[in-house]
file coords_1.tsv (TSV, C-alpha atoms)
chain	number	residue	atom	x	y	z
A	1390	MET	CA	30.92	-11.20	1.19
A	1391	ARG	CA	28.14	-8.78	2.07
A	1392	LEU	CA	25.07	-10.60	3.36
A	1393	ARG	CA	21.60	-9.36	2.51
A	1394	ARG	CA	19.46	-11.69	4.62
A	1395	SER	CA	17.26	-8.86	5.88
A	1396	MET	CA	16.44	-5.54	4.22
A	1397	LEU	CA	14.41	-3.36	6.57
A	1398	PHE	CA	11.99	-0.94	4.90
A	1399	VAL	CA	11.92	2.46	6.64
A	1400	PRO	CA	9.42	5.16	5.58
A	1401	GLY	CA	11.40	8.13	4.25
A	1402	ASN	CA	9.25	10.68	6.03
A	1403	ALA	CA	9.63	9.32	9.58
A	1404	PRO	CA	12.58	11.08	11.28
A	1405	ALA	CA	12.77	8.90	14.41
A	1406	MET	CA	12.61	5.66	12.40
A	1407	LEU	CA	15.32	6.87	10.01
A	1408	ARG	CA	17.61	7.54	12.96
A	1409	ASP	CA	17.07	4.18	14.69
A	1410	ALA	CA	16.75	1.88	11.66
A	1411	HIS	CA	20.03	0.03	12.09
A	1412	ILE	CA	19.82	-0.74	15.80
A	1413	TYR	CA	17.65	-3.81	15.18
A	1414	GLY	CA	20.53	-5.42	13.31
A	1415	PRO	CA	19.33	-5.73	9.68
A	1416	ASP	CA	21.93	-6.44	7.00
A	1417	SER	CA	20.52	-3.51	5.00
A	1418	VAL	CA	18.23	-0.59	5.72
A	1419	MET	CA	16.02	0.55	2.86
A	1420	PHE	CA	14.74	4.10	3.14
A	1421	ASP	CA	11.54	4.39	1.13
A	1422	LEU	CA	10.74	7.46	-0.94
A	1423	GLU	CA	8.15	5.61	-3.02
A	1424	ASP	CA	4.95	3.95	-1.75
A	1425	ALA	CA	5.47	4.87	1.92
A	1426	VAL	CA	5.47	8.62	1.14
A	1427	SER	CA	2.43	10.59	-0.03
A	1428	PRO	CA	2.86	12.77	-3.16
A	1429	ARG	CA	2.72	16.03	-1.16
A	1430	GLU	CA	5.53	14.89	1.15
A	1431	LYS	CA	7.91	13.55	-1.52
A	1432	ASP	CA	10.20	16.59	-1.33
A	1433	ALA	CA	10.31	16.64	2.48
A	1434	ALA	CA	11.12	12.92	2.65
A	1435	ARG	CA	13.95	13.47	0.17
A	1436	HIS	CA	15.48	16.11	2.49
A	1437	LEU	CA	15.17	13.80	5.52
A	1438	VAL	CA	16.73	10.83	3.74
A	1439	PHE	CA	19.54	13.03	2.39
A	1440	ARG	CA	20.38	14.25	5.90
A	1441	ALA	CA	20.08	10.76	7.41
A	1442	LEU	CA	22.57	9.46	4.84
A	1443	LYS	CA	24.90	12.39	5.49
A	1444	ASP	CA	24.72	12.70	9.24
A	1445	TYR	CA	23.92	9.34	10.87
A	1446	ASP	CA	26.38	6.54	11.45
A	1447	TYR	CA	24.69	3.27	10.49
A	1448	ALA	CA	27.66	1.22	11.76
A	1449	GLY	CA	28.40	-0.52	8.48
A	1450	VAL	CA	24.78	-1.51	7.74
A	1451	GLU	CA	24.15	-1.17	3.99
A	1452	ARG	CA	22.10	1.95	3.18
A	1453	ILE	CA	19.70	1.50	0.28
A	1454	VAL	CA	17.06	3.98	-0.88
A	1455	ARG	CA	13.96	3.01	-2.84
A	1456	ILE	CA	13.37	5.87	-5.24
A	1457	ASN	CA	10.29	6.79	-7.24
A	1458	GLY	CA	10.25	5.65	-10.85
A	1459	LEU	CA	11.92	7.91	-13.40
A	1460	ASP	CA	8.53	8.07	-15.14
A	1461	SER	CA	7.18	9.99	-12.12
A	1462	PRO	CA	7.84	13.69	-11.39
A	1463	TYR	CA	10.04	12.65	-8.41
A	1464	GLY	CA	12.46	9.99	-9.62
A	1465	LEU	CA	15.21	12.15	-11.11
A	1466	GLU	CA	15.45	14.47	-8.09
A	1467	ASP	CA	15.41	11.40	-5.81
A	1468	VAL	CA	18.52	10.17	-7.62
A	1469	GLN	CA	20.28	13.52	-7.03
A	1470	ALA	CA	19.53	13.58	-3.30
A	1471	VAL	CA	20.41	9.94	-2.75
A	1472	VAL	CA	23.70	10.00	-4.67
A	1473	ALA	CA	24.66	13.32	-3.02
A	1474	GLY	CA	23.78	11.86	0.38
A	1475	GLY	CA	26.11	8.91	-0.13
A	1476	ALA	CA	23.74	5.91	-0.38
A	1477	ASP	CA	25.33	2.53	-1.03
A	1478	ALA	CA	22.61	1.44	-3.44
A	1479	ILE	CA	19.36	2.51	-5.08
A	1480	ARG	CA	16.36	0.22	-5.31
A	1481	LEU	CA	14.31	0.75	-8.49
A	1482	PRO	CA	10.59	0.07	-8.14
A	1483	LYS	CA	8.48	-1.70	-10.75
A	1484	THR	CA	11.23	-2.74	-13.14
A	1485	ASP	CA	9.69	-4.15	-16.32
A	1486	SER	CA	12.62	-4.15	-18.73
A	1487	PRO	CA	16.40	-3.72	-19.01
A	1488	GLU	CA	15.69	-0.21	-20.36
A	1489	ASP	CA	14.25	0.76	-16.95
A	1490	VAL	CA	17.58	-0.18	-15.35
A	1491	LEU	CA	19.64	1.57	-18.02
A	1492	ALA	CA	17.69	4.81	-17.55
A	1493	VAL	CA	18.44	4.85	-13.81
A	1494	GLU	CA	22.05	3.84	-14.45
A	1495	LYS	CA	22.45	6.85	-16.76
A	1496	ALA	CA	20.97	9.23	-14.18
A	1497	VAL	CA	23.15	7.77	-11.42
A	1498	GLU	CA	26.29	8.10	-13.52
A	1499	ALA	CA	25.54	11.77	-14.16
A	1500	ALA	CA	24.84	12.33	-10.45
A	1501	GLU	CA	28.11	10.64	-9.45
A	1502	ARG	CA	29.95	13.11	-11.70
A	1503	ARG	CA	27.97	16.04	-10.33
A	1504	PHE	CA	28.66	15.18	-6.68
A	1505	GLY	CA	32.22	13.93	-7.12
A	1506	ARG	CA	31.56	10.31	-6.19
A	1507	PRO	CA	33.67	7.61	-7.87
A	1508	SER	CA	32.06	6.22	-11.02
A	1509	GLY	CA	30.22	2.98	-10.26
A	1510	SER	CA	30.15	3.52	-6.49
A	1511	VAL	CA	26.33	3.44	-6.26
A	1512	GLY	CA	24.86	-0.04	-6.65
A	1513	LEU	CA	21.42	-0.88	-8.04
A	1514	ILE	CA	18.73	-3.31	-6.94
A	1515	ALA	CA	15.89	-3.87	-9.40
A	1516	ALA	CA	12.52	-4.80	-7.91
A	1517	ILE	CA	10.37	-6.78	-10.31
A	1518	GLU	CA	6.64	-6.51	-9.70
A	1519	SER	CA	4.85	-7.58	-12.89
A	1520	ALA	CA	4.44	-10.56	-15.22
A	1521	ARG	CA	6.30	-8.62	-17.90
A	1522	GLY	CA	9.16	-7.96	-15.50
A	1523	ILE	CA	9.41	-11.61	-14.42
A	1524	LEU	CA	9.52	-12.72	-18.06
A	1525	SER	CA	12.36	-10.20	-18.61
A	1526	ALA	CA	14.14	-11.08	-15.34
A	1527	ARG	CA	17.11	-12.67	-17.12
A	1528	GLU	CA	17.73	-9.60	-19.28
A	1529	ILE	CA	17.10	-7.24	-16.35
A	1530	ALA	CA	19.55	-9.11	-14.08
A	1531	SER	CA	22.40	-8.79	-16.57
A	1532	SER	CA	21.59	-5.28	-17.81
A	1533	SER	CA	24.06	-3.34	-15.64
A	1534	PRO	CA	27.30	-4.09	-13.80
A	1535	ARG	CA	25.90	-1.93	-10.98
A	1536	LEU	CA	23.19	-4.45	-10.15
A	1537	VAL	CA	23.90	-6.24	-6.88
A	1538	ALA	CA	20.50	-7.92	-6.61
A	1539	ILE	CA	17.04	-8.31	-8.07
A	1540	ALA	CA	13.99	-8.48	-5.83
A	1541	ILE	CA	10.42	-9.62	-6.22
A	1542	GLY	CA	7.56	-7.37	-5.13
A	1543	ALA	CA	4.62	-9.68	-4.57
A	1544	GLU	CA	1.67	-7.37	-3.95
A	1545	ASP	CA	1.81	-5.69	-7.36
A	1546	PHE	CA	2.78	-8.97	-9.02
A	1547	VAL	CA	-0.24	-10.97	-7.80
A	1548	THR	CA	-2.53	-8.09	-8.78
A	1549	ASP	CA	-1.02	-8.10	-12.25
A	1550	MET	CA	-1.58	-11.88	-12.35
A	1551	HIS	CA	-5.31	-11.49	-11.45
A	1552	THR	CA	-4.83	-13.42	-8.22
A	1553	THR	CA	-4.11	-12.83	-4.53
A	1554	ARG	CA	-1.50	-13.96	-2.02
A	1555	SER	CA	-2.13	-17.23	-0.22
A	1556	ALA	CA	-0.57	-18.89	2.81
A	1557	ASP	CA	1.41	-21.43	0.81
A	1558	GLY	CA	2.47	-18.91	-1.86
A	1559	VAL	CA	1.63	-21.17	-4.79
A	1560	GLU	CA	0.75	-18.11	-6.90
A	1561	LEU	CA	4.34	-16.87	-6.54
A	1562	LEU	CA	6.16	-20.16	-7.04
A	1563	ALA	CA	6.91	-19.81	-10.75
A	1564	ALA	CA	7.89	-16.14	-10.41
A	1565	ARG	CA	10.16	-16.79	-7.44
A	1566	GLY	CA	11.84	-19.65	-9.29
A	1567	MET	CA	12.40	-17.56	-12.40
A	1568	LEU	CA	13.71	-14.62	-10.40
A	1569	VAL	CA	16.24	-16.71	-8.47
A	1570	MET	CA	17.42	-18.41	-11.64
A	1571	ALA	CA	17.88	-15.05	-13.37
A	1572	ALA	CA	19.88	-13.77	-10.40
A	1573	ARG	CA	22.08	-16.87	-10.24
A	1574	ALA	CA	22.71	-16.76	-14.00
A	1575	ALA	CA	23.83	-13.14	-13.69
A	1576	GLY	CA	25.89	-13.78	-10.55
A	1577	ILE	CA	23.89	-11.41	-8.35
A	1578	MET	CA	21.63	-11.82	-5.32
A	1579	ALA	CA	17.89	-12.56	-5.16
A	1580	ILE	CA	15.75	-10.88	-2.52
A	1581	ASP	CA	12.28	-12.12	-1.58
A	1582	THR	CA	9.18	-9.99	-1.10
A	1583	VAL	CA	7.79	-8.55	2.14
A	1584	PHE	CA	5.43	-10.51	4.37
A	1585	THR	CA	2.80	-8.11	5.61
A	1586	GLY	CA	1.37	-10.09	8.54
A	1587	VAL	CA	3.51	-8.49	11.21
A	1588	ASP	CA	1.97	-10.58	14.02
A	1589	ASP	CA	1.99	-13.86	12.12
A	1590	GLU	CA	5.38	-15.26	13.13
A	1591	GLU	CA	4.60	-18.78	11.94
A	1592	GLY	CA	3.46	-17.55	8.52
A	1593	PHE	CA	6.56	-15.40	8.17
A	1594	LEU	CA	8.88	-18.30	9.03
A	1595	ARG	CA	7.09	-20.61	6.59
A	1596	GLU	CA	7.51	-18.10	3.79
A	1597	ALA	CA	11.15	-17.29	4.69
A	1598	ARG	CA	12.09	-20.99	4.76
A	1599	LEU	CA	10.45	-21.50	1.36
A	1600	ALA	CA	12.35	-18.53	-0.10
A	1601	LYS	CA	15.65	-19.76	1.33
A	1602	GLN	CA	15.04	-23.26	0.01
A	1603	LEU	CA	14.38	-21.81	-3.45
A	1604	GLY	CA	17.76	-20.08	-3.28
A	1605	PHE	CA	16.87	-16.54	-2.20
A	1606	ASP	CA	19.68	-14.69	-0.40
A	1607	GLY	CA	17.34	-12.73	1.83
A	1608	LYS	CA	14.01	-11.02	2.25
A	1609	SER	CA	12.64	-7.51	2.52
A	1610	VAL	CA	11.01	-6.86	5.89
A	1611	ILE	CA	8.59	-4.22	7.11
A	1612	HIS	CA	8.98	-4.74	10.85
A	1613	PRO	CA	12.12	-5.01	13.01
A	1614	SER	CA	10.72	-8.13	14.74
A	1615	GLN	CA	11.10	-10.03	11.46
A	1616	ILE	CA	14.91	-9.50	11.39
A	1617	ALA	CA	15.71	-12.03	14.13
A	1618	LEU	CA	13.36	-14.54	12.51
A	1619	LEU	CA	15.26	-14.24	9.23
A	1620	LEU	CA	18.53	-14.63	11.07
A	1621	SER	CA	17.28	-17.88	12.58
A	1622	VAL	CA	16.26	-19.15	9.13
A	1623	TYR	CA	19.54	-18.22	7.45
A	1624	SER	CA	21.98	-19.12	10.23
A	1625	PRO	CA	23.61	-22.53	9.76
A	1626	SER	CA	23.21	-25.03	12.61
A	1627	GLU	CA	26.24	-25.98	14.70
A	1628	ALA	CA	26.35	-29.40	12.97
A	1629	GLU	CA	26.28	-27.74	9.52
A	1630	LEU	CA	29.07	-25.41	10.59
A	1631	VAL	CA	31.28	-28.17	11.94
A	1632	LYS	CA	30.83	-30.15	8.73
A	1633	ALA	CA	31.50	-27.12	6.52
A	1634	ARG	CA	34.69	-26.30	8.41
A	1635	ARG	CA	35.92	-29.88	7.97
A	1636	VAL	CA	35.12	-29.85	4.24
A	1637	ILE	CA	37.00	-26.57	3.76
A	1638	ALA	CA	39.96	-27.87	5.79
A	1639	ALA	CA	40.06	-31.03	3.68
A	1640	ALA	CA	39.94	-28.96	0.48
A	1641	ALA	CA	42.76	-26.73	1.74
A	1642	ASP	CA	44.76	-29.81	2.68
A	1643	ALA	CA	44.30	-31.35	-0.78
A	1644	GLU	CA	45.30	-28.09	-2.43
A	1645	ALA	CA	48.44	-27.85	-0.29
A	1646	LYS	CA	49.37	-31.37	-1.36
A	1647	GLY	CA	48.77	-30.47	-4.98
A	1648	SER	CA	46.03	-33.08	-5.15
A	1649	GLY	CA	42.94	-32.47	-7.25
A	1650	VAL	CA	40.92	-34.98	-5.23
A	1651	VAL	CA	39.42	-33.92	-1.92
A	1652	SER	CA	38.44	-36.65	0.48
A	1653	LEU	CA	36.92	-36.63	3.95
A	1654	ASP	CA	36.23	-39.65	6.16
A	1655	GLY	CA	37.14	-41.90	3.24
A	1656	LYS	CA	34.59	-40.25	0.91
A	1657	MET	CA	35.37	-38.14	-2.13
A	1658	ILE	CA	34.18	-34.54	-1.82
A	1659	ASP	CA	32.90	-33.00	-5.06
A	1660	LYS	CA	33.52	-29.38	-5.97
A	1661	PRO	CA	29.86	-28.35	-5.43
A	1662	ILE	CA	30.07	-29.67	-1.87
A	1663	VAL	CA	33.10	-27.47	-1.21
A	1664	GLU	CA	31.24	-24.52	-2.69
A	1665	ARG	CA	28.20	-25.16	-0.48
A	1666	ALA	CA	30.48	-25.42	2.55
A	1667	ARG	CA	31.96	-22.01	1.68
A	1668	ARG	CA	28.46	-20.57	1.54
A	1669	VAL	CA	27.55	-22.05	4.93
A	1670	LEU	CA	30.64	-20.42	6.45
A	1671	ALA	CA	29.88	-17.11	4.72
A	1672	LEU	CA	26.35	-17.14	6.22
A	1673	ALA	CA	27.98	-17.61	9.63
A	1674	GLY	CA	30.34	-14.72	8.99
A	1675	GLU	CA	33.35	-17.04	8.59
A	1676	ASP	CA	34.36	-15.83	5.15
A	1677	GLN	CA	36.98	-17.74	3.21
A	1678	PRO	CA	39.41	-15.95	0.91
B	1256	MET	CA	17.35	31.39	-2.63
B	1257	ILE	CA	14.71	34.06	-2.30
B	1258	ILE	CA	11.77	33.36	-0.01
B	1259	GLU	CA	8.70	34.29	-2.04
B	1260	ASN	CA	5.92	32.62	-0.08
B	1261	GLU	CA	5.14	31.23	3.32
B	1262	ALA	CA	5.75	27.50	3.52
B	1263	SER	CA	6.13	24.80	6.19
B	1264	ALA	CA	7.63	21.34	6.48
B	1265	GLY	CA	7.58	18.72	9.20
B	1266	THR	CA	5.14	17.63	11.88
B	1267	ALA	CA	4.46	18.09	15.59
B	1268	GLU	CA	5.24	14.42	16.28
B	1269	SER	CA	7.88	13.37	18.80
B	1270	GLY	CA	11.38	13.45	17.33
B	1271	ASP	CA	10.29	15.83	14.56
B	1272	ALA	CA	10.13	19.59	14.04
B	1273	ARG	CA	7.65	21.84	12.29
B	1274	VAL	CA	9.49	24.59	10.44
B	1275	THR	CA	7.76	27.59	8.86
B	1276	VAL	CA	9.53	30.05	6.58
B	1277	ARG	CA	8.05	33.44	5.65
B	1278	PRO	CA	9.29	36.27	3.39
B	1279	ASN	CA	11.18	39.05	5.16
B	1280	LYS	CA	12.37	41.19	2.24
B	1281	GLY	CA	15.36	43.35	3.18
B	1282	GLY	CA	14.87	42.44	6.83
B	1283	GLY	CA	17.62	39.83	7.20
B	1284	LEU	CA	17.11	36.61	9.13
B	1285	SER	CA	14.76	36.40	12.07
B	1286	LEU	CA	14.51	33.17	14.00
B	1287	GLU	CA	11.98	32.01	16.56
B	1288	LEU	CA	12.39	28.69	18.36
B	1289	ARG	CA	9.89	26.85	20.56
B	1290	GLY	CA	10.04	23.39	22.09
B	1291	PRO	CA	11.42	21.28	24.95
B	1292	SER	CA	15.05	21.75	23.87
B	1293	ALA	CA	14.76	25.51	23.29
B	1294	THR	CA	16.02	26.58	26.72
B	1295	ARG	CA	18.97	24.23	26.94
B	1296	TYR	CA	20.03	23.86	23.32
B	1297	GLY	CA	18.42	26.92	21.79
B	1298	GLU	CA	21.65	28.62	20.76
B	1299	ASP	CA	22.98	25.40	19.16
B	1300	ILE	CA	19.76	24.84	17.24
B	1301	LYS	CA	19.76	28.46	16.04
B	1302	ALA	CA	23.38	28.12	14.90
B	1303	VAL	CA	22.46	24.98	12.92
B	1304	ALA	CA	19.49	26.77	11.36
B	1305	ILE	CA	21.52	29.83	10.40
B	1306	ALA	CA	24.26	27.67	8.85
B	1307	THR	CA	21.64	25.83	6.78
B	1308	LEU	CA	19.99	29.09	5.64
B	1309	SER	CA	23.32	30.60	4.74
B	1310	SER	CA	24.45	27.53	2.75
B	1311	LEU	CA	21.25	27.88	0.71
B	1312	GLY	CA	21.94	31.59	0.15
B	1313	VAL	CA	18.87	32.69	2.11
B	1314	LEU	CA	19.56	36.26	3.28
B	1315	ASP	CA	16.08	37.39	4.24
B	1316	ALA	CA	13.58	35.14	5.99
B	1317	ASP	CA	11.34	34.96	8.98
B	1318	VAL	CA	11.76	31.44	10.36
B	1319	SER	CA	9.90	29.72	13.16
B	1320	ILE	CA	10.87	26.29	14.47
B	1321	GLU	CA	8.65	24.23	16.76
B	1322	GLU	CA	10.75	21.27	17.76
B	1323	LYS	CA	9.64	18.13	19.58
B	1324	GLY	CA	13.01	16.70	20.54
B	1325	ALA	CA	14.26	16.68	16.95
B	1326	LEU	CA	17.93	16.00	16.24
B	1327	ASP	CA	19.99	18.52	14.28
B	1328	ALA	CA	19.72	16.42	11.11
B	1329	THR	CA	15.92	16.54	11.30
B	1330	ILE	CA	15.83	20.29	11.93
B	1331	ARG	CA	18.17	20.89	9.00
B	1332	ALA	CA	16.08	18.61	6.73
B	1333	ARG	CA	12.80	20.27	7.71
B	1334	LEU	CA	14.33	23.73	7.24
B	1335	SER	CA	15.82	23.00	3.81
B	1336	ALA	CA	12.52	21.43	2.71
B	1337	ALA	CA	10.55	24.47	3.91
B	1338	VAL	CA	13.00	26.83	2.16
B	1339	GLY	CA	12.69	24.83	-1.08
B	1340	ARG	CA	8.90	25.10	-0.87
B	1341	ALA	CA	8.91	28.79	0.07
B	1342	ALA	CA	11.34	29.65	-2.73
B	1343	GLY	CA	9.52	27.45	-5.26
B	1344	VAL	CA	12.75	25.56	-6.02
B	1345	VAL	CA	12.40	21.91	-7.03
B	1346	ASP	CA	15.99	21.04	-7.98
B	1347	ILE	CA	17.83	21.51	-4.71
B	1348	PRO	CA	21.59	22.33	-4.78
B	1349	TRP	CA	22.40	19.28	-2.64
B	1350	GLU	CA	26.13	19.92	-2.85
B	1351	VAL	CA	25.85	23.10	-0.75
B	1352	LEU	CA	23.95	21.22	1.97
B	1353	ALA	CA	26.93	18.99	2.71
call {"tool": "encode", "arguments": {"input": "coords_1.tsv", "output": "structure tokens"}}
result
Amino acid sequence: MRLRRSMLFVPGNAPAMLRDAHIYGPDSVMFDLEDAVSPREKDAARHLVFRALKDYDYAGVERIVRINGLDSPYGLEDVQAVVAGGADAIRLPKTDSPEDVLAVEKAVEAAERRFGRPSGSVGLIAAIESARGILSAREIASSSPRLVAIAIGAEDFVTDMHTTRSADGVELLAARGMLVMAARAAGIMAIDTVFTGVDDEEGFLREARLAKQLGFDGKSVIHPSQIALLLSVYSPSEAELVKARRVIAAAADAEAKGSGVVSLDGKMIDKPIVERARRVLALAGEDQP
Amino acid sequence: MIIENEASAGTAESGDARVTVRPNKGGGLSLELRGPSATRYGEDIKAVAIATLSSLGVLDADVSIEEKGALDATIRARLSAAVGRAAGVVDIPWEVLA
């Protein structure tokens, strides 16, 4: 299972940052052609990101590119460069409806044919950043088999909601809940929004713990220092690991005996407990077949 | 691609390169390189630049590269961006830049 605990945003027009992005150990790097790049540098950033994808070895770290919307003058050419470069996935900004996903899917399919990449090899991540998008999250999440995750973009969302971000995140609670549920129902991942206070470690941890508790699989980050913090939030404790290993062993034992009932220390273990144990092991990199 | 206008791409920041492309009709390729790596790696950087120009079908151009410790990938990206701008081409033939 590919983990997406941390997705590190990297401005598309910063050559040194593009080169070094993976050394901080994120699960994914996300090269940004959208908000981090001024309109007059859109073309130059596209060339840099294309070459970074082609020439640098990111040592297995997932390479995602946030493109400009197809309703902008840049989106379609972004798709060409990114698919030609060999990106693993494209992040769509400001997704309001399933049609937004389908339009990018169509462009990506055409680009895969043009550049001789296998059909379906480029994944999609839809970022939802408006009330309309959140209310369509369920339809968006199931709109394309290419979707590997949906993400919430909080800054635009709270603006759309006529509010601002607060320390406890109450203004995002309903949206986060709806987004995670939509992702789970579609069988894809949910990625939380960025936390912009780079020096506020405590605030970041509070928000990351909340997102994890709600069911989010990971979080977008804007600074490398936030990657280790996310790892600490998402890594199971030794006690959790030991317990999960024992649950999985008991389940394997029951299966080998042809028994439908799993028991451990004299207690019956329900199927959801086995599933949670699998997830704990996956987060620790101990994947089960 | 035919270089119609003068155009630049890139910055003078560390790890980057500033590439300027000018028309040189019928004059072939002329290349000028400045920067900390020019003495030691100058020939390699020029070879990379010429390969990039030739893949884009640029036969005539006056190119100047001011590099600040840029890697080959950055020089190639800044050069292809400058060529796109100087030739007025928006839809880049990415497949030839492989």
call {"tool": "closest_residue", "arguments": {"input": "coords_1.tsv", "among": "A:Ala1556, A:Ala1526, A:Met1550, A:Leu1422", "to": "Ala1571 in chain A", "atoms": "all atoms listed in the file"}}
result
A:Ala1526
call {"tool": "interface_residues", "arguments": {"input": "coords_1.tsv", "of": "chain A", "to": "chain B", "cutoff": "12 Å", "atoms": "all atoms listed in the file", "output": "ChimeraX atom specification"}}
result
/A:1401-1409,1429-1446,1462-1475,1500-1506
call {"tool": "write_last_selection", "arguments": {"input": "coords_1.tsv", "atoms": "C-alpha atoms", "output": "mmCIF file, in the coordinates of the input"}}
result
data_model
loop_
_atom_site.group_PDB
_atom_site.id
_atom_site.type_symbol
_atom_site.label_atom_id
_atom_site.label_comp_id
_atom_site.auth_asym_id
_atom_site.auth_seq_id
_atom_site.Cartn_x
_atom_site.Cartn_y
_atom_site.Cartn_z
ATOM 1 C CA GLY A 1401 11.400 8.130 4.250
ATOM 2 C CA ASN A 1402 9.250 10.680 6.030
ATOM 3 C CA ALA A 1403 9.630 9.320 9.580
ATOM 4 C CA PRO A 1404 12.580 11.080 11.280
ATOM 5 C CA ALA A 1405 12.770 8.900 14.410
ATOM 6 C CA MET A 1406 12.610 5.660 12.400
ATOM 7 C CA LEU A 1407 15.320 6.870 10.010
ATOM 8 C CA ARG A 1408 17.610 7.540 12.960
ATOM 9 C CA ASP A 1409 17.070 4.180 14.690
ATOM 10 C CA ARG A 1429 2.720 16.030 -1.160
ATOM 11 C CA GLU A 1430 5.530 14.890 1.150
ATOM 12 C CA LYS A 1431 7.910 13.550 -1.520
ATOM 13 C CA ASP A 1432 10.200 16.590 -1.330
ATOM 14 C CA ALA A 1433 10.310 16.640 2.480
ATOM 15 C CA ALA A 1434 11.120 12.920 2.650
ATOM 16 C CA ARG A 1435 13.950 13.470 0.170
ATOM 17 C CA HIS A 1436 15.480 16.110 2.490
ATOM 18 C CA LEU A 1437 15.170 13.800 5.520
ATOM 19 C CA VAL A 1438 16.730 10.830 3.740
ATOM 20 C CA PHE A 1439 19.540 13.030 2.390
ATOM 21 C CA ARG A 1440 20.380 14.250 5.900
ATOM 22 C CA ALA A 1441 20.080 10.760 7.410
ATOM 23 C CA LEU A 1442 22.570 9.460 4.840
ATOM 24 C CA LYS A 1443 24.900 12.390 5.490
ATOM 25 C CA ASP A 1444 24.720 12.700 9.240
ATOM 26 C CA TYR A 1445 23.920 9.340 10.870
ATOM 27 C CA ASP A 1446 26.380 6.540 11.450
ATOM 28 C CA PRO A 1462 7.840 13.690 -11.390
ATOM 29 C CA TYR A 1463 10.040 12.650 -8.410
ATOM 30 C CA GLY A 1464 12.460 9.990 -9.620
ATOM 31 C CA LEU A 1465 15.210 12.150 -11.110
ATOM 32 C CA GLU A 1466 15.450 14.470 -8.090
ATOM 33 C CA ASP A 1467 15.410 11.400 -5.810
ATOM 34 C CA VAL A 1468 18.520 10.170 -7.620
ATOM 35 C CA GLN A 1469 20.280 13.520 -7.030
ATOM 36 C CA ALA A 1470 19.530 13.580 -3.300
ATOM 37 C CA VAL A 1471 20.410 9.940 -2.750
ATOM 38 C CA VAL A 1472 23.700 10.000 -4.670
ATOM 39 C CA ALA A 1473 24.660 13.320 -3.020
ATOM 40 C CA GLY A 1474 23.780 11.860 0.380
ATOM 41 C CA GLY A 1475 26.110 8.910 -0.130
ATOM 42 C CA ALA A 1500 24.840 12.330 -10.450
ATOM 43 C CA GLU A 1501 28.110 10.640 -9.450
ATOM 44 C CA ARG A 1502 29.950 13.110 -11.700
ATOM 45 C CA ARG A 1503 27.970 16.040 -10.330
ATOM 46 C CA PHE A 1504 28.660 15.180 -6.680
ATOM 47 C CA GLY A 1505 32.220 13.930 -7.120
ATOM 48 C CA ARG A 1506 31.560 10.310 -6.190
#
call {"tool": "residues_around", "arguments": {"input": "coords_1.tsv", "residues": "Leu1599 in chain A", "least_positions_apart": "3", "cutoff": "12 Å", "atoms": "all atoms listed in the file", "output": "list in words"}}
result
Ala1556, Asp1557, Gly1558, Val1559, Leu1561, Leu1562, Arg1565, Gly1566, Asp1581, Thr1582, Gly1592, Phe1593, Leu1594, Arg1595, Glu1596, Gln1602, Leu1603, Gly1604, Phe1605, Asp1606, Gly1607, Lys1608, Leu1619, Val1622 and Tyr1623 of chain A
call {"tool": "atom_distance", "arguments": {"input": "coords_1.tsv", "atom1": "CA of Val1490 in chain A", "atom2": "CA of Ser1609 in chain A"}}
result
19.9 Å
call {"tool": "residues_around", "arguments": {"input": "coords_1.tsv", "residues": "Ala1316 in chain B", "least_positions_apart": "6", "cutoff": "9 Å", "atoms": "all atoms listed in the file", "output": "PyMOL selection string"}}
result
chain B and resi 1257-1258+1276-1286+1308
call {"tool": "atom_distance", "arguments": {"input": "coords_1.tsv", "atom1": "CA of Ala1575 in chain A", "atom2": "CA of Ser1508 in chain A"}}
result
21.2 Å
call {"tool": "closest_residue", "arguments": {"input": "coords_1.tsv", "among": "B:Asn1260, B:Ser1309, B:Thr1275, B:Leu1288", "to": "Glu1322 in chain B", "atoms": "only C-alpha atoms"}}
result
B:Leu1288
call {"tool": "residues_near_point", "arguments": {"input": "coords_1.tsv", "point": "(18.2, -7.7, -18.8)", "cutoff": "10 Å", "atoms": "all atoms listed in the file", "output": "ChimeraX atom specification"}}
result
/A:1485-1491,1522,1525-1533,1571,1575
call {"tool": "closest_residue", "arguments": {"input": "coords_1.tsv", "among": "A:Ser1648, A:Ala1633, A:Ala1600, A:Lys1495", "to": "Asp1676 in chain A", "atoms": "only C-alpha atoms"}}
result
A:Ala1633
call {"tool": "atom_distance", "arguments": {"input": "coords_1.tsv", "atom1": "CA of Val1313 in chain B", "atom2": "CA of Met1256 in chain B"}}
result
5.1 Å
call {"tool": "residues_around", "arguments": {"input": "coords_1.tsv", "residues": "Leu1513 in chain A", "least_positions_apart": "3", "cutoff": "12 Å", "atoms": "only C-alpha atoms", "output": "number ranges by chain"}}
result
A: 1452-1456, 1468, 1472, 1476-1482, 1484, 1489-1498, 1509-1510, 1516, 1529-1540, 1577-1578
call {"tool": "decode", "arguments": {"input": "coords_1.tsv", "residues": "range 1288-1300 of chain B", "atoms": "C-alpha atoms", "output": "compact mmCIF listing (two decimals), in the first residue's frame"}}
result
# COMPACT_ATOMS: atom_id res chain seq x y z
CA LEU B 1288 28.72 30.79 -21.37
CA ARG B 1289 29.52 32.63 -18.14
CA GLY B 1290 29.50 31.42 -14.56
CA PRO B 1291 31.43 29.53 -11.87
CA SER B 1292 31.25 26.21 -13.75
CA ALA B 1293 32.22 27.67 -17.13
CA THR B 1294 35.94 26.91 -16.88
CA ARG B 1295 35.67 23.37 -15.58
CA TYR B 1296 32.44 22.14 -17.16
CA GLY B 1297 32.06 24.61 -20.00
CA GLU B 1298 32.37 22.07 -22.81
CA ASP B 1299 29.83 19.73 -21.13
CA ILE B 1300 27.35 22.54 -20.61
